[in-house]
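**Student:** You'll find entry_4.pdb just under this line, and it carries PDB, C-alpha atoms, pLDDT in the B column.
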ATOM      1  CA  MET A   1     -23.281  77.783 -21.811  1.00 76.00           C
ATOM      2  CA  PRO A   2     -22.280  78.839 -25.354  1.00 83.00           C
ATOM      3  CA  LYS A   3     -23.014  76.601 -28.301  1.00 89.00           C
ATOM      4  CA  ARG A   4     -20.034  74.931 -29.937  1.00 96.00           C
ATOM      5  CA  VAL A   5     -19.330  75.825 -33.565  1.00 97.00           C
ATOM      6  CA  LEU A   6     -17.135  73.592 -35.752  1.00 97.00           C
ATOM      7  CA  THR A   7     -15.927  73.777 -39.357  1.00 97.00           C
ATOM      8  CA  GLY A   8     -15.616  70.754 -41.626  1.00 97.00           C
ATOM      9  CA  ASN A   9     -16.195  69.185 -45.034  1.00 97.00           C
ATOM     10  CA  ILE A  10     -19.383  67.409 -46.067  1.00 97.00           C
ATOM     11  CA  VAL A  11     -18.608  63.784 -46.898  1.00 97.00           C
ATOM     12  CA  SER A  12     -22.188  62.593 -47.482  1.00 97.00           C
ATOM     13  CA  ASP A  13     -25.529  64.206 -48.329  1.00 96.00           C
ATOM     14  CA  LYS A  14     -27.500  61.046 -49.023  1.00 96.00           C
ATOM     15  CA  GLY A  15     -29.898  61.306 -46.063  1.00 94.00           C
ATOM     16  CA  ASP A  16     -33.049  63.412 -46.234  1.00 96.00           C
ATOM     17  CA  LYS A  17     -32.388  66.729 -44.440  1.00 96.00           C
ATOM     18  CA  THR A  18     -29.103  65.304 -43.118  1.00 97.00           C
ATOM     19  CA  VAL A  19     -25.455  65.788 -44.050  1.00 97.00           C
ATOM     20  CA  VAL A  20     -22.386  64.082 -42.581  1.00 98.00           C
ATOM     21  CA  VAL A  21     -19.598  66.551 -41.790  1.00 98.00           C
ATOM     22  CA  LEU A  22     -15.978  65.462 -41.248  1.00 98.00           C
ATOM     23  CA  VAL A  23     -14.219  67.749 -38.756  1.00 98.00           C
ATOM     24  CA  GLU A  24     -10.430  67.533 -38.484  1.00 97.00           C
ATOM     25  CA  ARG A  25      -8.315  68.872 -35.653  1.00 97.00           C
ATOM     26  CA  LYS A  26      -4.578  68.884 -35.040  1.00 98.00           C
ATOM     27  CA  VAL A  27      -3.267  67.576 -31.712  1.00 98.00           C
ATOM     28  CA  LYS A  28       0.211  67.290 -30.275  1.00 98.00           C
ATOM     29  CA  HIS A  29       1.158  63.706 -29.375  1.00 97.00           C
ATOM     30  CA  PRO A  30       1.632  63.513 -25.584  1.00 96.00           C
ATOM     31  CA  LEU A  31       4.911  61.570 -25.679  1.00 97.00           C
ATOM     32  CA  TYR A  32       6.550  62.230 -29.033  1.00 97.00           C
ATOM     33  CA  GLY A  33       5.440  65.836 -29.540  1.00 97.00           C
ATOM     34  CA  LYS A  34       4.531  65.292 -33.190  1.00 98.00           C
ATOM     35  CA  ILE A  35       1.453  67.082 -34.524  1.00 98.00           C
ATOM     36  CA  ILE A  36      -1.133  64.493 -35.614  1.00 97.00           C
ATOM     37  CA  ARG A  37      -4.550  64.834 -37.222  1.00 98.00           C
ATOM     38  CA  ARG A  38      -7.667  63.546 -35.502  1.00 97.00           C
ATOM     39  CA  SER A  39     -11.026  63.487 -37.263  1.00 98.00           C
ATOM     40  CA  LYS A  40     -14.631  62.858 -36.330  1.00 98.00           C
ATOM     41  CA  LYS A  41     -17.863  62.712 -38.309  1.00 98.00           C
ATOM     42  CA  TYR A  42     -20.966  64.595 -37.178  1.00 98.00           C
ATOM     43  CA  HIS A  43     -24.502  64.201 -38.529  1.00 98.00           C
ATOM     44  CA  ALA A  44     -25.953  67.658 -39.056  1.00 98.00           C
ATOM     45  CA  HIS A  45     -29.456  68.896 -39.878  1.00 97.00           C
ATOM     46  CA  ASP A  46     -29.901  70.538 -43.299  1.00 96.00           C
ATOM     47  CA  GLU A  47     -33.540  71.650 -43.497  1.00 93.00           C
ATOM     48  CA  GLY A  48     -33.625  72.574 -47.207  1.00 94.00           C
ATOM     49  CA  ASN A  49     -31.237  69.920 -48.564  1.00 95.00           C
ATOM     50  CA  GLU A  50     -29.169  72.827 -49.918  1.00 95.00           C
ATOM     51  CA  TYR A  51     -25.674  71.640 -48.956  1.00 96.00           C
ATOM     52  CA  HIS A  52     -23.835  69.016 -50.986  1.00 96.00           C
ATOM     53  CA  GLU A  53     -20.839  66.714 -50.776  1.00 96.00           C
ATOM     54  CA  GLY A  54     -17.453  68.424 -50.951  1.00 96.00           C
ATOM     55  CA  GLU A  55     -18.546  71.780 -49.514  1.00 96.00           C
ATOM     56  CA  THR A  56     -16.954  73.298 -46.416  1.00 97.00           C
ATOM     57  CA  VAL A  57     -19.535  74.321 -43.811  1.00 97.00           C
ATOM     58  CA  ARG A  58     -19.871  75.528 -40.226  1.00 98.00           C
ATOM     59  CA  ILE A  59     -22.072  73.506 -37.873  1.00 97.00           C
ATOM     60  CA  GLU A  60     -23.596  74.493 -34.529  1.00 97.00           C
ATOM     61  CA  GLU A  61     -24.588  72.323 -31.576  1.00 97.00           C
ATOM     62  CA  ILE A  62     -28.356  72.134 -30.903  1.00 96.00           C
ATOM     63  CA  ALA A  63     -30.826  70.090 -28.882  1.00 96.00           C
ATOM     64  CA  PRO A  64     -31.119  66.507 -30.192  1.00 97.00           C
ATOM     65  CA  ILE A  65     -33.319  66.078 -33.277  1.00 96.00           C
ATOM     66  CA  SER A  66     -32.829  62.320 -33.568  1.00 96.00           C
ATOM     67  CA  LYS A  67     -30.553  59.573 -32.267  1.00 96.00           C
ATOM     68  CA  LEU A  68     -27.502  60.864 -34.156  1.00 96.00           C
ATOM     69  CA  LYS A  69     -28.366  64.468 -35.074  1.00 97.00           C
ATOM     70  CA  THR A  70     -27.400  67.068 -32.477  1.00 97.00           C
ATOM     71  CA  TRP A  71     -25.870  69.587 -34.905  1.00 97.00           C
ATOM     72  CA  LYS A  72     -27.255  71.891 -37.602  1.00 97.00           C
ATOM     73  CA  VAL A  73     -25.564  73.528 -40.561  1.00 97.00           C
ATOM     74  CA  ILE A  74     -25.224  77.285 -40.133  1.00 96.00           C
ATOM     75  CA  GLU A  75     -23.501  78.440 -43.302  1.00 95.00           C
ATOM     76  CA  ARG A  76     -21.101  77.690 -46.126  1.00 95.00           C
ATOM     77  CA  VAL A  77     -17.504  78.726 -45.635  1.00 93.00           C
ATOM     78  CA  ASN A  78     -16.350  80.731 -48.625  1.00 81.00           C
ATOM     79  CA  THR A  79     -13.227  79.105 -49.940  1.00 66.00           C
ATOM     80  CA  HIS A  80     -11.024  81.053 -52.307  1.00 61.00           C
ATOM     81  CA  ALA A  81     -11.801  79.782 -55.780  1.00 57.00           C
ATOM     82  CA  THR A  82      -8.988  79.797 -58.303  1.00 56.00           C
ATOM     83  CA  PRO A  83      -9.578  82.333 -61.075  1.00 57.00           C
ATOM     84  CA  ALA A  84     -10.376  80.964 -64.500  1.00 56.00           C
ATOM     85  CA  LYS A  85      -7.568  81.155 -67.037  1.00 59.00           C
ATOM     86  CA  SER A  86      -8.273  83.205 -70.125  1.00 57.00           C
ATOM     87  CA  ASP A  87      -7.136  82.130 -73.584  1.00 63.00           C
ATOM     88  CA  ALA A  88      -6.084  85.636 -74.586  1.00 61.00           C
ATOM     89  CA  ALA A  89      -2.666  85.283 -76.201  1.00 52.00           C
TER      90      ALA A  89
END
Once you've parsed the file, please lay out its structure as structure tokens.

**Tutor:**
Amino acid sequence: MPKRVLTGNIVSDKGDKTVVVLVERKVKHPLYGKIIRRSKKYHAHDEGNEYHEGETVRIEEIAPISKLKTWKVIERVNTHATPAKSDAA
């Protein structure tokens, strides 16, 4: 069975070797048909403490490491940074 891979934002990096990732998904309401957002937090393993709050990352499902940790951080997702404005006038 393939491992699940999710993308989300890190909301906490306070734990040692652990980050909390908020994953949002969009779902159609069964009765009203409106698109609504559902979110869930996952505790993910970060071996080198190299990921920090506010970053967008991809996480992969793994065998349980602890009571809450069954995910590990694979990589950062490169977000398009806005170019710096120059003062050349």

**Student:** Restricting the calculation to all atoms listed in the file, which member of A:Glu50, A:Pro2, A:Lys40, A:Val11 is positioned closest to A:Ile74?

**Tutor:**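 For A:Ile74, the nearest of the candidates is A:Glu50.
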
**Student:** Between atom CA of A:Glu60 and atom CA of A:Lys17, what is the distance in Å, rounded to a tenth?

**Tutor:**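 That distance, rounded to one decimal, is 15.4 Å.
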
**Student:** Compare A:Glu55, A:Asn49, A:His29, A:Glu24 by their minimum atom-to-atom distance to A:Asn9, counting all atoms listed in the file, and give me the closest one.

**Tutor:**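 For A:Asn9, the nearest of the candidates is A:Glu55.
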
**Student:** List every protein, DNA or RNA residue with an atom no more than 8 Å from (-23.2, 72.0, -45.5) in the file's coordinates, counting only C-alpha atoms, and format the result as JSON, numbers by chain.

**Tutor:** {"A": [9, 10, 19, 21, 46, 50, 51, 52, 53, 55, 56, 57, 58, 59, 73, 74, 75, 76]}

**Student:** If you measure from atom CA of A:Asn78 to atom CA of A:Leu22, what distance in Å do you get, rounded to one decimal?

**Tutor:**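 Computing the Euclidean distance for atom CA of A:Asn78 and atom CA of A:Leu22 yields 17.0 Å.
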
**Student:** What is the distance, in Å and to one decimal place, between atom CA of A:Thr7 and atom CA of A:Lys67?

**Tutor:**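 These two atoms are separated by 21.6 Å.
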
**Student:** Could you tell me which of A:Ser12, A:Arg25, A:His45, A:Arg38 comes closest to A:Glu61 if we count all atoms listed in the file?

**Tutor:**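 The shortest atom-to-atom distance to A:Glu61 comes from A:His45.
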
**Student:** Kindly indicate which residue among A:Val20, A:Ile65, A:Met1, A:Leu6 lies nearest to A:Val77, using all atoms listed in the file for the distances.

**Tutor:** A:Leu6

**Student:** Point out the residue among A:Lys28, A:Glu47, A:Gly54, A:Lys34 with the least atom-to-atom distance to A:Gly8, counting all atoms listed in the file.

**Tutor:** A:Gly54

**Student:** Identify which of the residues A:Tyr32, A:Asp16, A:Ala44, A:Arg37 lies closest to A:Ala63, counting all atoms listed in the file when measuring atom-to-atom distances.

**Tutor:**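 Nearest candidate to A:Ala63 out of A:Tyr32, A:Asp16, A:Ala44, A:Arg37: A:Ala44.
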
**Student:** With the PyMOL selection byres ((chain A and resi 36) around 6) as the selection, what would be picked from this file? Answer as a ChimeraX atom specification, please.

**Tutor:** /A:26-27,35,37

**Student:** Could the centre and edge lengths of an axis-aligned box, enclosing all atoms of stretch 24-39 of chain A in the file with 6 Å extra on each side, be given in Å to one decimal as AutoDock Vina command-line options?

**Tutor:**
--center_x -2.2 --center_y 65.2 --center_z -32.0 --size_x 29.6 --size_y 19.3 --size_z 24.9
